[in-house]
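Peer 1: Dropping the structure in here first, questions after.
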Amino acid sequence: MKVIVAGGGIGGMTFALSLLDAGCRDVEVFESAPVIKELGVGINVLPHAARELTELGLLNDLSAVGIPTEELVYYSKHGQRIWREPRGLAAGYRWPQFSVHRGELLGLLHRALVSRLEGRPIHTGRHLVAFGERSPGRVWAEFADSAGGGAPERIEGDLLVGCDGIHSVVRQTLYPNEGPPKWNGITMWRGTTVGKPYLSGRTMIMAGHFHRRIVVYPISKRLEDRGQALINWVGEFKTADDQAMPPRQDWQTTTTVDEAVEPFRSYTFDFLDVPTMIRRAEAIYKYPMVDRDPLPTWNFGRITLLGDAAHPMYPVGSNGASQAIIDARVLARELVLRPTIEAAITAYDAQRRPATAEVVRANRGVGPEQCMEIVEERAPDGFSNLDAIIAPQELTAISERYRRIAGFDPETLNTRPSLSVR
Ligand SMILES: Cc1cc2nc3c(=O)[nH]c(=O)nc-3n(C[C@H](O)[C@H](O)[C@H](O)COP(=O)(O)OP(=O)(O)OC[C@H]3O[C@@H](n4cnc5c(N)ncnc54)[C@H](O)[C@@H]3O)c2cc1C
């Protein structure tokens, strides 16, 4: 079975590694970018995805770069604590949660893939432009040279998997009337700032509410070892409904410090001075908060979708990369265990599409950050007794519900069988 992977991001790399691990060696990855650059800012690998990377033999690599997050604390816009929950090993999972630089995560997946391909290349600078199915049961895909030279190269195989991100060509071709991603009116500014460790040194915090929220977590083990922190932050602000969408989601648009600081001027807390942190960032990226509606099927016989191409979601609950990693593991497993490719794609679609659709919808409904919304609604000027605003049981129920939906309830994860085929 020859598998063509379009897109060498986190999903595509993990999928190729999972196929190799399961004994399927005929896999070719085609990536638009001319070189695999370690781009991005912070990302979370939740315990269910950390389990999968552990089973791929990558736990040591991940531990060398990422921070094993110990707790998540929610605050109001006044810096008043609403909820604290342990995360990763501290929460009883058998696997840690890692907060890591996206580029470093991609880098370690890339190095592992290069080594496990044993001399066979990852095809960089190859942008998928067209594909189709040629009976009986063969697919073809055409890749243009990203530098613009020559006619597209045609590759044939038994399966094409679109791992080509939020602006997926595969998805656009299969669903030509879908249009661009949907914006919810929230602009996000993201950056990293070198600073002093705050709170436990391994704490992720969220402060404010859905329309004016800051999310902060440290992401570098190397800086931690030097007594510092590489602090990843995301500021989210809902602009007026009649405003145009910021530049399209391209992950690389930068903006000015003043623009990013403005919505968070008052967020000066005793545990973290947000405006100063933003001012000290190296670069500030600007993105619209977008997703897409869940699809009716990913099953196109010998063509399917994975990761952001299949289910782009709001970055609420830190789930985007983790869900792509799980997709990759499930699809590789099904391809190796089912009698036909068609049966594997049907099984993959049945398991992963409804599960990820539920996460997309939960994230639209504010996900686990609902407790911040409730406090903002009921006590916009602050509170002296939190229990009078929101009952402890209500807080516990919100957190547990999201874990179940996103598939990282500790007991379920700790006891479910492995997805490895070996
Ligand atoms: C440059 C970049 C920076 C990012 N930074 C962050 C971040 O800081 N924080 C965060 O939470 N998420 C970030 N993301 C998104 C995050 O990586 C994904 O949400 C998640 O990891 C799911 O991974 P994915 O592999 O499905 O998609 P992606 O990681 O988006 O990977 C898709 C890959 O496909 C390639 N590609 C696109 N079109 C084609 C084509 N036609 N042919 C061949 N290859 C193609 C892209 O270059 C990319 O490498 C970033 C994505 C990118 C591409």
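Please note that chains go A, B, ... in the order of the structure tokens, that every chain numbers its residues from 1, and that ligands are numbered from 1 in the order shown.
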Show me which residues sit within 8 Å of ligand 1 when counting only C-alpha atoms and all ligand atoms, and put them as a PyMOL selection string.

Peer 2: chain A and resi 6-13+30-33+36-44+101-103+126-129+143+163-170+190+250-252+306-310+312-313+315+318+320-325

Peer 1: What does the file look like for those residues with C-alpha atoms, as a compact mmCIF listing (two decimals), in the first residue's frame?

Peer 2:
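See part00.txt below for the written result:
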# COMPACT_ATOMS: atom_id res chain seq x y z
CA ALA A 6 -0.17 16.04 1.50
CA GLY A 7 1.14 18.35 4.24
CA GLY A 8 4.06 17.90 6.62
CA GLY A 9 2.69 19.71 9.69
CA ILE A 10 2.07 18.08 13.05
CA GLY A 11 -0.72 15.88 11.69
CA GLY A 12 1.10 14.76 8.53
CA MET A 13 4.38 14.02 10.32
CA PHE A 30 4.83 16.23 0.42
CA GLU A 31 5.11 19.62 2.11
CA SER A 32 4.54 23.05 0.53
CA ALA A 33 7.22 24.85 2.50
CA ILE A 36 10.62 22.47 7.40
CA LYS A 37 10.91 25.62 9.51
CA GLU A 38 10.20 25.54 13.21
CA LEU A 39 7.44 28.16 13.04
CA GLY A 40 4.68 29.14 15.43
CA VAL A 41 4.41 29.89 19.10
CA GLY A 42 2.98 27.79 21.93
CA ILE A 43 0.91 24.68 21.59
CA ASN A 44 -0.37 22.08 24.04
CA HIS A 101 6.82 25.64 21.18
CA ARG A 102 5.01 24.46 18.03
CA GLY A 103 8.24 24.74 16.08
CA ARG A 126 5.89 20.48 -3.15
CA HIS A 127 2.44 22.07 -3.07
CA LEU A 128 -0.56 19.85 -3.84
CA VAL A 129 -2.55 21.44 -6.66
CA PHE A 143 2.45 18.73 -6.74
CA CYS A 163 -3.03 16.86 6.08
CA ASP A 164 -2.78 20.29 4.49
CA GLY A 165 -4.13 22.48 7.27
CA ILE A 166 -6.91 25.01 7.59
CA HIS A 167 -6.71 26.15 3.94
CA SER A 168 -6.62 22.55 2.69
CA VAL A 169 -6.62 22.10 -1.08
CA VAL A 170 -7.95 18.56 -0.59
CA ARG A 190 0.13 35.80 20.10
CA ASP A 250 -1.85 32.50 7.68
CA TRP A 251 0.01 32.00 10.98
CA GLN A 252 2.65 34.58 10.05
CA LEU A 306 -6.79 14.61 8.78
CA GLY A 307 -6.08 17.30 11.40
CA ASP A 308 -6.94 20.93 10.66
CA ALA A 309 -7.88 20.01 7.08
CA ALA A 310 -10.63 17.81 8.54
CA PRO A 312 -10.22 23.21 12.20
CA MET A 313 -11.41 24.39 15.61
CA PRO A 315 -8.06 27.24 20.01
CA SER A 318 -5.84 23.51 23.74
CA GLY A 320 -6.02 21.46 17.82
CA ALA A 321 -2.69 19.65 17.68
CA SER A 322 -3.79 16.90 20.06
CA GLN A 323 -6.80 15.97 17.93
CA ALA A 324 -4.59 15.86 14.80
CA ILE A 325 -2.22 13.47 16.61

Peer 1: Looking only at the backbone, which of the residues in segment 275-395 of chain A does DSSP tag as strand (DSSP E), as number ranges by chain?

Peer 2: A: 284-291, 303-305

Peer 1: With only C-alpha atoms as the basis for distance, which of A:Gly382, A:Pro218, A:Gly191, A:Gly317 is at the shortest distance from Val100 of chain A?

Peer 2: A:Pro218

Peer 1: With distances taken over only C-alpha atoms, which residue among A:Thr187, A:Asn299, A:Ser418, A:Thr340 lies nearest Lys286 of chain A?

Peer 2: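 Residue with the minimum atom-to-atom distance to Lys286 of chain A: A:Thr187.
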
Peer 1: With a cut-off of 12 Å, could you pull out the residues of segment 95-189 of chain A touching segment 196-208 of chain A and give me the nearest pair of atoms for each, distance in Å to one decimal, using only C-alpha atoms, ordered by chain and ascending number, as a tab-separated table?

Peer 2:
residue	atom	partner	partner_atom	distance
A:Pro96	CA	A:Arg202	CA	12.0
A:Gln97	CA	A:Arg202	CA	10.6
A:Phe98	CA	A:Arg202	CA	9.8
A:Ser99	CA	A:Met204	CA	8.7
A:Val100	CA	A:Arg202	CA	11.5

Peer 1: For the residues selected in the previous step, produce a file with all heavy atoms as an mmCIF file, in the first residue's frame.

Peer 2:
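The resulting file, result.cif, is reproduced below:
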data_model
loop_
_atom_site.group_PDB
_atom_site.id
_atom_site.type_symbol
_atom_site.label_atom_id
_atom_site.label_comp_id
_atom_site.auth_asym_id
_atom_site.auth_seq_id
_atom_site.Cartn_x
_atom_site.Cartn_y
_atom_site.Cartn_z
ATOM 1 N N PRO A 96 2.044 12.915 30.802
ATOM 2 C CA PRO A 96 2.021 14.356 31.114
ATOM 3 C C PRO A 96 1.216 15.142 30.084
ATOM 4 O O PRO A 96 0.906 14.633 29.005
ATOM 5 C CB PRO A 96 3.495 14.777 31.022
ATOM 6 C CG PRO A 96 4.288 13.534 30.822
ATOM 7 C CD PRO A 96 3.368 12.463 30.347
ATOM 8 N N GLN A 97 0.932 16.387 30.425
ATOM 9 C CA GLN A 97 0.499 17.369 29.426
ATOM 10 C C GLN A 97 1.726 18.230 29.158
ATOM 11 O O GLN A 97 2.376 18.675 30.108
ATOM 12 C CB GLN A 97 -0.632 18.243 29.967
ATOM 13 C CG GLN A 97 -0.919 19.452 29.079
ATOM 14 C CD GLN A 97 -2.119 20.276 29.543
ATOM 15 O OE1 GLN A 97 -2.983 19.772 30.264
ATOM 16 N NE2 GLN A 97 -2.163 21.526 29.137
ATOM 17 N N PHE A 98 2.041 18.475 27.900
ATOM 18 C CA PHE A 98 3.191 19.331 27.588
ATOM 19 C C PHE A 98 2.737 20.633 26.959
ATOM 20 O O PHE A 98 1.915 20.627 26.037
ATOM 21 C CB PHE A 98 4.143 18.630 26.612
ATOM 22 C CG PHE A 98 4.937 17.530 27.235
ATOM 23 C CD1 PHE A 98 4.568 16.203 27.051
ATOM 24 C CD2 PHE A 98 6.044 17.800 28.022
ATOM 25 C CE1 PHE A 98 5.286 15.177 27.634
ATOM 26 C CE2 PHE A 98 6.771 16.782 28.613
ATOM 27 C CZ PHE A 98 6.395 15.468 28.414
ATOM 28 N N SER A 99 3.303 21.728 27.451
ATOM 29 C CA SER A 99 3.188 23.005 26.762
ATOM 30 C C SER A 99 4.523 23.193 26.060
ATOM 31 O O SER A 99 5.575 23.121 26.705
ATOM 32 C CB SER A 99 2.962 24.141 27.754
ATOM 33 O OG SER A 99 1.729 23.963 28.410
ATOM 34 N N VAL A 100 4.470 23.420 24.756
ATOM 35 C CA VAL A 100 5.704 23.362 23.978
ATOM 36 C C VAL A 100 5.626 24.362 22.832
ATOM 37 O O VAL A 100 4.532 24.753 22.401
ATOM 38 C CB VAL A 100 5.903 21.893 23.479
ATOM 39 C CG1 VAL A 100 4.758 21.421 22.607
ATOM 40 C CG2 VAL A 100 7.217 21.696 22.758
#

Peer 1: Might you pull out every residue within 12 Å of Asp158 of chain A, with only C-alpha atoms counted and same-chain residues fewer than 2 positions away left off, and present them as an mmCIF file with all heavy atoms, in the first residue's frame?

Peer 2:
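Output contents, as saved in result-v3.cif:
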data_model
loop_
_atom_site.group_PDB
_atom_site.id
_atom_site.type_symbol
_atom_site.label_atom_id
_atom_site.label_comp_id
_atom_site.auth_asym_id
_atom_site.auth_seq_id
_atom_site.Cartn_x
_atom_site.Cartn_y
_atom_site.Cartn_z
ATOM 1 N N MET A 1 0.855 -1.202 0.000
ATOM 2 C CA MET A 1 0.000 0.000 0.000
ATOM 3 C C MET A 1 0.885 1.244 0.000
ATOM 4 O O MET A 1 1.700 1.417 0.902
ATOM 5 C CB MET A 1 -0.871 -0.008 1.269
ATOM 6 C CG MET A 1 -1.634 1.271 1.500
ATOM 7 S SD MET A 1 -2.770 1.170 2.910
ATOM 8 C CE MET A 1 -1.688 0.762 4.266
ATOM 9 N N LYS A 2 0.705 2.093 -1.016
ATOM 10 C CA LYS A 2 1.480 3.336 -1.043
ATOM 11 C C LYS A 2 0.585 4.503 -0.604
ATOM 12 O O LYS A 2 -0.471 4.745 -1.193
ATOM 13 C CB LYS A 2 2.016 3.603 -2.434
ATOM 14 C CG LYS A 2 2.684 4.958 -2.533
ATOM 15 C CD LYS A 2 3.481 5.094 -3.784
ATOM 16 C CE LYS A 2 3.959 6.516 -3.934
ATOM 17 N NZ LYS A 2 4.889 6.668 -5.002
ATOM 18 N N VAL A 3 1.030 5.229 0.426
ATOM 19 C CA VAL A 3 0.231 6.312 0.985
ATOM 20 C C VAL A 3 0.883 7.650 0.646
ATOM 21 O O VAL A 3 2.083 7.854 0.924
ATOM 22 C CB VAL A 3 0.112 6.155 2.524
ATOM 23 C CG1 VAL A 3 -0.795 7.251 3.094
ATOM 24 C CG2 VAL A 3 -0.425 4.778 2.897
ATOM 25 N N ILE A 4 0.077 8.543 0.059
ATOM 26 C CA ILE A 4 0.569 9.891 -0.254
ATOM 27 C C ILE A 4 0.021 10.833 0.823
ATOM 28 O O ILE A 4 -1.196 10.930 1.008
ATOM 29 C CB ILE A 4 0.060 10.353 -1.639
ATOM 30 C CG1 ILE A 4 0.474 9.348 -2.718
ATOM 31 C CG2 ILE A 4 0.558 11.756 -1.965
ATOM 32 C CD1 ILE A 4 -0.175 9.616 -4.080
ATOM 33 N N VAL A 5 0.931 11.521 1.516
ATOM 34 C CA VAL A 5 0.528 12.447 2.579
ATOM 35 C C VAL A 5 0.758 13.861 2.067
ATOM 36 O O VAL A 5 1.905 14.235 1.784
ATOM 37 C CB VAL A 5 1.359 12.197 3.863
ATOM 38 C CG1 VAL A 5 0.941 13.159 4.975
ATOM 39 C CG2 VAL A 5 1.217 10.750 4.321
ATOM 40 N N ASP A 26 5.611 2.187 2.916
ATOM 41 C CA ASP A 26 5.530 2.921 1.647
ATOM 42 C C ASP A 26 4.714 4.194 1.825
ATOM 43 O O ASP A 26 3.537 4.267 1.457
ATOM 44 C CB ASP A 26 4.932 2.010 0.572
ATOM 45 C CG ASP A 26 5.298 2.499 -0.820
ATOM 46 O OD1 ASP A 26 5.963 3.553 -0.916
ATOM 47 O OD2 ASP A 26 4.898 1.838 -1.794
ATOM 48 N N VAL A 27 5.345 5.194 2.446
ATOM 49 C CA VAL A 27 4.648 6.451 2.718
ATOM 50 C C VAL A 27 5.519 7.603 2.223
ATOM 51 O O VAL A 27 6.729 7.600 2.437
ATOM 52 C CB VAL A 27 4.294 6.582 4.226
ATOM 53 C CG1 VAL A 27 5.463 6.297 5.113
ATOM 54 C CG2 VAL A 27 3.752 7.962 4.559
ATOM 55 N N GLU A 28 4.869 8.536 1.527
ATOM 56 C CA GLU A 28 5.619 9.690 1.005
ATOM 57 C C GLU A 28 4.933 10.975 1.465
ATOM 58 O O GLU A 28 3.727 11.149 1.261
ATOM 59 C CB GLU A 28 5.621 9.672 -0.521
ATOM 60 C CG GLU A 28 6.194 8.392 -1.072
ATOM 61 C CD GLU A 28 7.326 8.624 -2.057
ATOM 62 O OE1 GLU A 28 7.909 9.721 -2.052
ATOM 63 O OE2 GLU A 28 7.595 7.692 -2.823
ATOM 64 N N GLY A 132 -6.980 13.094 -7.934
ATOM 65 C CA GLY A 132 -8.184 12.396 -8.376
ATOM 66 C C GLY A 132 -8.008 10.909 -8.189
ATOM 67 O O GLY A 132 -6.963 10.436 -7.739
ATOM 68 N N GLU A 133 -9.068 10.180 -8.549
ATOM 69 C CA GLU A 133 -9.020 8.732 -8.394
ATOM 70 C C GLU A 133 -9.049 8.114 -9.774
ATOM 71 O O GLU A 133 -9.788 8.567 -10.650
ATOM 72 C CB GLU A 133 -10.212 8.265 -7.544
ATOM 73 C CG GLU A 133 -9.895 6.995 -6.847
ATOM 74 C CD GLU A 133 -10.890 6.619 -5.748
ATOM 75 O OE1 GLU A 133 -11.633 7.502 -5.276
ATOM 76 O OE2 GLU A 133 -10.902 5.447 -5.389
ATOM 77 N N ARG A 134 -8.221 7.130 -9.967
ATOM 78 C CA ARG A 134 -8.159 6.470 -11.258
ATOM 79 C C ARG A 134 -8.506 5.012 -10.988
ATOM 80 O O ARG A 134 -7.852 4.375 -10.167
ATOM 81 C CB ARG A 134 -6.725 6.569 -11.796
ATOM 82 C CG ARG A 134 -6.569 6.280 -13.259
ATOM 83 C CD ARG A 134 -5.170 6.710 -13.682
ATOM 84 N NE ARG A 134 -4.125 5.886 -13.082
ATOM 85 C CZ ARG A 134 -3.768 4.685 -13.527
ATOM 86 N NH1 ARG A 134 -4.366 4.165 -14.580
ATOM 87 N NH2 ARG A 134 -2.816 4.000 -12.940
ATOM 88 N N SER A 135 -9.554 4.518 -11.624
ATOM 89 C CA SER A 135 -9.974 3.150 -11.304
ATOM 90 C C SER A 135 -8.931 2.166 -11.834
ATOM 91 O O SER A 135 -8.239 2.470 -12.804
ATOM 92 C CB SER A 135 -11.344 2.864 -11.901
ATOM 93 O OG SER A 135 -11.268 3.057 -13.300
ATOM 94 N N PRO A 136 -8.793 0.978 -11.288
ATOM 95 C CA PRO A 136 -9.484 0.554 -10.079
ATOM 96 C C PRO A 136 -8.617 0.838 -8.841
ATOM 97 O O PRO A 136 -7.533 0.314 -8.722
ATOM 98 C CB PRO A 136 -9.658 -0.953 -10.292
ATOM 99 C CG PRO A 136 -8.467 -1.331 -11.145
ATOM 100 C CD PRO A 136 -8.010 -0.107 -11.889
ATOM 101 N N GLY A 137 -9.143 1.691 -7.979
ATOM 102 C CA GLY A 137 -8.541 1.905 -6.658
ATOM 103 C C GLY A 137 -7.166 2.555 -6.645
ATOM 104 O O GLY A 137 -6.377 2.283 -5.744
ATOM 105 N N ARG A 138 -6.860 3.385 -7.607
ATOM 106 C CA ARG A 138 -5.579 4.113 -7.550
ATOM 107 C C ARG A 138 -5.883 5.598 -7.467
ATOM 108 O O ARG A 138 -6.873 6.073 -8.036
ATOM 109 C CB ARG A 138 -4.748 3.852 -8.815
ATOM 110 C CG ARG A 138 -4.249 2.440 -8.941
ATOM 111 C CD ARG A 138 -3.101 2.130 -7.997
ATOM 112 N NE ARG A 138 -1.828 2.704 -8.462
ATOM 113 C CZ ARG A 138 -0.713 2.682 -7.750
ATOM 114 N NH1 ARG A 138 -0.712 2.174 -6.525
ATOM 115 N NH2 ARG A 138 0.409 3.206 -8.228
ATOM 116 N N VAL A 139 -5.043 6.334 -6.751
ATOM 117 C CA VAL A 139 -5.215 7.788 -6.715
ATOM 118 C C VAL A 139 -3.988 8.443 -7.353
ATOM 119 O O VAL A 139 -2.903 7.857 -7.383
ATOM 120 C CB VAL A 139 -5.362 8.328 -5.272
ATOM 121 C CG1 VAL A 139 -6.718 7.991 -4.691
ATOM 122 C CG2 VAL A 139 -4.246 7.853 -4.358
ATOM 123 N N TRP A 140 -4.199 9.643 -7.841
ATOM 124 C CA TRP A 140 -3.059 10.430 -8.327
ATOM 125 C C TRP A 140 -3.107 11.803 -7.660
ATOM 126 O O TRP A 140 -4.170 12.270 -7.242
ATOM 127 C CB TRP A 140 -3.075 10.576 -9.864
ATOM 128 C CG TRP A 140 -4.326 11.214 -10.407
ATOM 129 C CD1 TRP A 140 -5.451 10.571 -10.832
ATOM 130 C CD2 TRP A 140 -4.578 12.617 -10.572
ATOM 131 N NE1 TRP A 140 -6.400 11.471 -11.249
ATOM 132 C CE2 TRP A 140 -5.889 12.750 -11.103
ATOM 133 C CE3 TRP A 140 -3.845 13.777 -10.329
ATOM 134 C CZ2 TRP A 140 -6.469 13.987 -11.383
ATOM 135 C CZ3 TRP A 140 -4.418 15.012 -10.611
ATOM 136 C CH2 TRP A 140 -5.713 15.104 -11.130
ATOM 137 N N ALA A 141 -1.948 12.392 -7.551
ATOM 138 C CA ALA A 141 -1.863 13.726 -6.948
ATOM 139 C C ALA A 141 -0.781 14.495 -7.682
ATOM 140 O O ALA A 141 0.269 13.931 -8.012
ATOM 141 C CB ALA A 141 -1.508 13.611 -5.467
ATOM 142 N N ILE A 155 2.126 12.044 -8.973
ATOM 143 C CA ILE A 155 2.481 10.869 -8.165
ATOM 144 C C ILE A 155 1.255 9.966 -8.114
ATOM 145 O O ILE A 155 0.139 10.464 -7.991
ATOM 146 C CB ILE A 155 2.811 11.273 -6.700
ATOM 147 C CG1 ILE A 155 3.825 12.409 -6.645
ATOM 148 C CG2 ILE A 155 3.248 10.089 -5.857
ATOM 149 C CD1 ILE A 155 5.220 12.020 -7.048
ATOM 150 N N GLU A 156 1.455 8.662 -8.171
ATOM 151 C CA GLU A 156 0.329 7.741 -8.005
ATOM 152 C C GLU A 156 0.499 6.927 -6.736
ATOM 153 O O GLU A 156 1.626 6.682 -6.296
ATOM 154 C CB GLU A 156 0.247 6.804 -9.207
ATOM 155 C CG GLU A 156 -0.263 7.523 -10.434
ATOM 156 C CD GLU A 156 -0.901 6.602 -11.459
ATOM 157 O OE1 GLU A 156 -1.042 5.390 -11.180
ATOM 158 O OE2 GLU A 156 -1.249 7.117 -12.528
ATOM 159 N N LEU A 160 -4.665 8.874 -0.705
ATOM 160 C CA LEU A 160 -4.202 10.263 -0.504
ATOM 161 C C LEU A 160 -4.818 10.783 0.787
ATOM 162 O O LEU A 160 -6.051 10.742 0.953
ATOM 163 C CB LEU A 160 -4.645 11.145 -1.682
ATOM 164 C CG LEU A 160 -4.449 12.655 -1.474
ATOM 165 C CD1 LEU A 160 -2.966 13.029 -1.421
ATOM 166 C CD2 LEU A 160 -5.147 13.462 -2.584
ATOM 167 N N VAL A 161 -3.979 11.283 1.690
ATOM 168 C CA VAL A 161 -4.487 11.853 2.946
ATOM 169 C C VAL A 161 -4.154 13.347 2.972
ATOM 170 O O VAL A 161 -2.984 13.728 2.926
ATOM 171 C CB VAL A 161 -3.890 11.127 4.175
ATOM 172 C CG1 VAL A 161 -4.502 11.691 5.458
ATOM 173 C CG2 VAL A 161 -4.171 9.631 4.088
ATOM 174 N N GLY A 301 -13.535 7.213 -0.367
ATOM 175 C CA GLY A 301 -12.922 5.992 -0.894
ATOM 176 C C GLY A 301 -11.456 5.934 -0.545
ATOM 177 O O GLY A 301 -11.083 5.500 0.533
ATOM 178 N N ARG A 302 -10.641 6.415 -1.432
ATOM 179 C CA ARG A 302 -9.197 6.362 -1.210
ATOM 180 C C ARG A 302 -8.598 7.755 -0.998
ATOM 181 O O ARG A 302 -7.409 7.964 -1.212
ATOM 182 C CB ARG A 302 -8.529 5.631 -2.354
ATOM 183 C CG ARG A 302 -8.894 4.156 -2.260
ATOM 184 C CD ARG A 302 -8.342 3.341 -3.346
ATOM 185 N NE ARG A 302 -8.545 1.946 -3.022
ATOM 186 C CZ ARG A 302 -7.585 1.037 -2.961
ATOM 187 N NH1 ARG A 302 -6.343 1.391 -3.175
ATOM 188 N NH2 ARG A 302 -7.868 -0.212 -2.695
ATOM 189 N N ILE A 303 -9.455 8.654 -0.617
ATOM 190 C CA ILE A 303 -9.004 10.013 -0.292
ATOM 191 C C ILE A 303 -9.669 10.396 1.027
ATOM 192 O O ILE A 303 -10.873 10.166 1.202
ATOM 193 C CB ILE A 303 -9.428 10.999 -1.407
ATOM 194 C CG1 ILE A 303 -8.774 10.595 -2.737
ATOM 195 C CG2 ILE A 303 -9.054 12.440 -1.044
ATOM 196 C CD1 ILE A 303 -9.409 11.192 -3.963
ATOM 197 N N THR A 304 -8.900 10.962 1.934
ATOM 198 C CA THR A 304 -9.513 11.415 3.187
ATOM 199 C C THR A 304 -8.748 12.625 3.743
ATOM 200 O O THR A 304 -7.805 13.109 3.121
ATOM 201 C CB THR A 304 -9.609 10.261 4.218
ATOM 202 O OG1 THR A 304 -10.446 10.672 5.307
ATOM 203 C CG2 THR A 304 -8.250 9.857 4.774
ATOM 204 N N LEU A 335 -5.688 1.403 8.897
ATOM 205 C CA LEU A 335 -5.140 1.011 7.594
ATOM 206 C C LEU A 335 -4.383 -0.308 7.674
ATOM 207 O O LEU A 335 -4.370 -1.092 6.735
ATOM 208 C CB LEU A 335 -4.201 2.103 7.063
ATOM 209 C CG LEU A 335 -4.923 3.326 6.485
ATOM 210 C CD1 LEU A 335 -3.942 4.481 6.275
ATOM 211 C CD2 LEU A 335 -5.629 2.977 5.173
ATOM 212 N N THR A 340 -9.345 -3.899 3.855
ATOM 213 C CA THR A 340 -9.196 -3.058 2.656
ATOM 214 C C THR A 340 -9.017 -1.602 3.088
ATOM 215 O O THR A 340 -9.387 -1.217 4.208
ATOM 216 C CB THR A 340 -10.459 -3.108 1.757
ATOM 217 O OG1 THR A 340 -11.558 -2.581 2.518
ATOM 218 C CG2 THR A 340 -10.775 -4.511 1.280
ATOM 219 N N ILE A 341 -8.494 -0.809 2.156
ATOM 220 C CA ILE A 341 -8.330 0.623 2.436
ATOM 221 C C ILE A 341 -9.701 1.260 2.649
ATOM 222 O O ILE A 341 -9.895 2.073 3.558
ATOM 223 C CB ILE A 341 -7.570 1.301 1.271
ATOM 224 C CG1 ILE A 341 -6.129 0.783 1.242
ATOM 225 C CG2 ILE A 341 -7.604 2.817 1.400
ATOM 226 C CD1 ILE A 341 -5.285 1.312 0.107
ATOM 227 N N GLU A 342 -10.667 0.855 1.839
ATOM 228 C CA GLU A 342 -12.008 1.437 1.959
ATOM 229 C C GLU A 342 -12.587 1.167 3.360
ATOM 230 O O GLU A 342 -13.185 2.048 3.979
ATOM 231 C CB GLU A 342 -12.958 0.858 0.884
ATOM 232 C CG GLU A 342 -12.727 1.390 -0.516
ATOM 233 C CD GLU A 342 -11.510 0.762 -1.226
ATOM 234 O OE1 GLU A 342 -10.886 -0.164 -0.651
ATOM 235 O OE2 GLU A 342 -11.191 1.222 -2.332
#

Peer 1: Go through A:Ser420, A:Thr396, A:Ser115, A:Thr297 and flag the residue nearest Glu334 of chain A, using only C-alpha atoms for the distances.

Peer 2: A:Ser420
